[in-house]
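Undergrad: Structure in structure tokens, see below.
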Amino acid sequence: MEESLAQSRVQSTQFELPAWKTLISGAAGILLGILFIVSGVWKLIEPFDWAEKVVQAKVPAQFGLIAAVGVGITEAFGGVLLLVPRFRRWGAWITGFLLLVFMAYFAYFYAELTGADCSCFPWLKRTVGPGFFIGDGVMLVLAAIAAIWSRRPEGTRGALLVLGAICVFAFASLGMTYSQRSGAAAPAEISIDGQPYSLKSGRHFIYFFDPECSHCYEAAKAMSAYKWKDTVVVGVPTVNPQFAPGFLKETGLNARLTTDHDKLKQAFPFGDAPFGVAVEDGRQKQSFIGFENDEPEASLRRLGFVE
């Protein structure tokens with residue numbers, strides 16, 4: 001009995017890391033964990049805004065919201081595990097894998113996404129470029145240190161409870177955000193061509209666009225071919241309103257222009273243009289962040305806005 005206890009103590013000592021390695025691993029894990037928790041929770045609190053960013057990063061529109069919520073859950077889960085010594089290695093593996101996926105994805109679309117916003121942290125603005133890969137490379141090194149010099153993971157029950165709690169939070173936040181957006185009231189009155197105009201009755205499609213945005217241009221050009229029913233299209237330039245008439249003329253989109261951007265954006269919050277809102281009798285029916293393939297035409301047809 002004494003021999004077996006002595007042998008286990010020897011084996012335990014053989015696998016025990018020097019204090020300085022444990023300290024560095026803990027510091028790397030805590031720093032990386034905080035970064036990933038902040039990034040993940042931000043996505044879960046504002047899922048629809050992040051879905052817009054994901055779509056702008058070349059992810060198909062139908063998968064934008066799924067990708068935003070899925071990445072948010074995974075980031076938050078990996079970040080929390082990094083903070084717990086007995087789960088730190090698992091957290092490092094998860095976050096390291098995410099970093100490799102991000103780097104590979106943006107490398108593949110580098111030519112198309114160079115200069116695009118890729119900020120994952122509220123206080124840190126980043127764009128796709130050399131700095132993006134350097135930053136993610138540094139975080140990948142931190143993940144490697146946290147994994148290599150951490151203790152062996154113990155038990156899965158606690159980790160699964162963490163994942164379950166994050167999923168509950170994610171879907172509660174998604175439901176709350178959706179309820180706030182669905183049925184939102186449009187401003188009672190806006191100005192069109194210098195005259196007051198009411199949105200309280202009838203069908204309106206409100207299209208937010210940047211006159212110098214190629215994606216906005218292509219979306220407007222596609223919508224110009226729609227067979228609109230009794231729907232009034234209202235164009236809202238997000239910047240440079242002086243270029244808006246020329247934008248509509250070039251794209252062929254038959255829309256009435258308003259400069260009440262701030263009032264409409266307050267009613268229908270969004271990230272970047274293009275963005276559309278289907279409004280019926282003064283209430284939002286659906287919002288649109290994807291303008292590719294058969295969208296938003298298919299959804300607008302289902303709502304009765306186009307033939």
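Every chain in the structure tokens takes a letter, A first, then B, and so on in the order presented; its residues are numbered from 1, and the ligands are numbered from 1 following the presented order.
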Could you list, with a cut-off of 12 Å and counting only C-alpha atoms, the residues of range 154-251 of chain A near range 66-76 of chain A, each shown with its nearest atom pair and the distance in Å rounded to one decimal, rows sorted by chain and ascending number, as CSV?
TA:
```
residue,atom,partner,partner_atom,distance
A:Val162,CA,A:Ala76,CA,9.6
A:Leu163,CA,A:Ile73,CA,8.0
A:Gly164,CA,A:Ile73,CA,9.9
A:Ala165,CA,A:Ile73,CA,10.1
A:Ile166,CA,A:Ile73,CA,6.5
A:Cys167,CA,A:Ile73,CA,6.6
A:Val168,CA,A:Ile73,CA,10.0
A:Phe169,CA,A:Ile73,CA,9.2
A:Ala170,CA,A:Ile73,CA,7.0
A:Phe171,CA,A:Val69,CA,8.6
A:Ala172,CA,A:Val69,CA,11.6
A:Ser173,CA,A:Val69,CA,10.1
A:Leu174,CA,A:Val69,CA,8.4
A:Gly175,CA,A:Val69,CA,11.9
```
Undergrad: From the DSSP assignment of the backbone, select every residue of range 100-272 of chain A that is strand (DSSP E or B), and format the answer as a PyMOL selection string.
TA: chain A and resi 117+121+124+127+185+189-192+195-198+203-209+228+231-237+256-258
Undergrad: Using only C-alpha atoms, please write the residues we just selected to a file, as an mmCIF file, in the first residue's frame.
TA:
```
data_model
loop_
_atom_site.group_PDB
_atom_site.id
_atom_site.type_symbol
_atom_site.label_atom_id
_atom_site.label_comp_id
_atom_site.auth_asym_id
_atom_site.auth_seq_id
_atom_site.Cartn_x
_atom_site.Cartn_y
_atom_site.Cartn_z
ATOM 1 C CA ASP A 117 -14.077 46.012 -41.110
ATOM 2 C CA PHE A 121 -13.967 43.740 -29.897
ATOM 3 C CA LEU A 124 -10.596 47.726 -30.981
ATOM 4 C CA THR A 127 -9.652 45.857 -40.862
ATOM 5 C CA ALA A 185 -43.330 51.074 -35.479
ATOM 6 C CA GLU A 189 -44.274 60.948 -40.755
ATOM 7 C CA ILE A 190 -41.154 61.559 -42.804
ATOM 8 C CA SER A 191 -40.180 64.135 -45.391
ATOM 9 C CA ILE A 192 -40.097 63.239 -49.091
ATOM 10 C CA GLN A 195 -43.123 67.473 -48.237
ATOM 11 C CA PRO A 196 -44.522 65.544 -45.233
ATOM 12 C CA TYR A 197 -45.284 61.922 -46.020
ATOM 13 C CA SER A 198 -47.130 59.355 -43.881
ATOM 14 C CA ARG A 203 -47.037 48.956 -48.014
ATOM 15 C CA HIS A 204 -43.585 50.524 -48.085
ATOM 16 C CA PHE A 205 -40.149 49.087 -48.705
ATOM 17 C CA ILE A 206 -37.531 51.285 -47.080
ATOM 18 C CA TYR A 207 -34.103 50.861 -48.657
ATOM 19 C CA PHE A 208 -31.031 52.229 -46.874
ATOM 20 C CA PHE A 209 -28.078 52.621 -49.223
ATOM 21 C CA TRP A 228 -43.773 45.638 -57.190
ATOM 22 C CA THR A 231 -45.666 49.047 -52.701
ATOM 23 C CA VAL A 232 -43.944 52.401 -52.429
ATOM 24 C CA VAL A 233 -40.154 52.093 -52.384
ATOM 25 C CA VAL A 234 -38.501 54.720 -50.191
ATOM 26 C CA GLY A 235 -34.778 55.292 -50.709
ATOM 27 C CA VAL A 236 -32.709 56.458 -47.726
ATOM 28 C CA PRO A 237 -29.099 57.485 -48.439
ATOM 29 C CA ARG A 256 -38.912 58.169 -53.611
ATOM 30 C CA LEU A 257 -36.067 59.783 -51.696
ATOM 31 C CA THR A 258 -36.004 60.949 -48.110
#
```
Undergrad: In Å, with one decimal, what is the gap from CA of Thr22 in chain A to CA of Asp136 in chain A?
TA: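 Pair CA of Thr22 in chain A / CA of Asp136 in chain A returns 22.9 Å.
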Undergrad: I'd like the neighbourhood of Glu218 in chain A as a VMD selection string, where a residue qualifies if any of its atoms comes within 12 Å (using only C-alpha atoms), though same-chain residues fewer than 3 positions away should be ignored.
TA: chain A and resid 209 to 215 221 to 225 247 to 248 250 to 253 274 290 to 293
Undergrad: Near Ala144 in chain A, counting only C-alpha atoms, which residues have an atom at most 10 Å away, once you skip same-chain residues fewer than 5 positions from it, shown as an NGL selection string?
TA: :A and (25 or 28-29 or 89 or 92-93 or 95-96 or 138-139 or 149-150)
Undergrad: Point out the residue among A:Trp42, A:Phe106, A:Trp90, A:Phe288 with the least atom-to-atom distance to Thr156 in chain A, counting only C-alpha atoms.
TA: A:Trp90
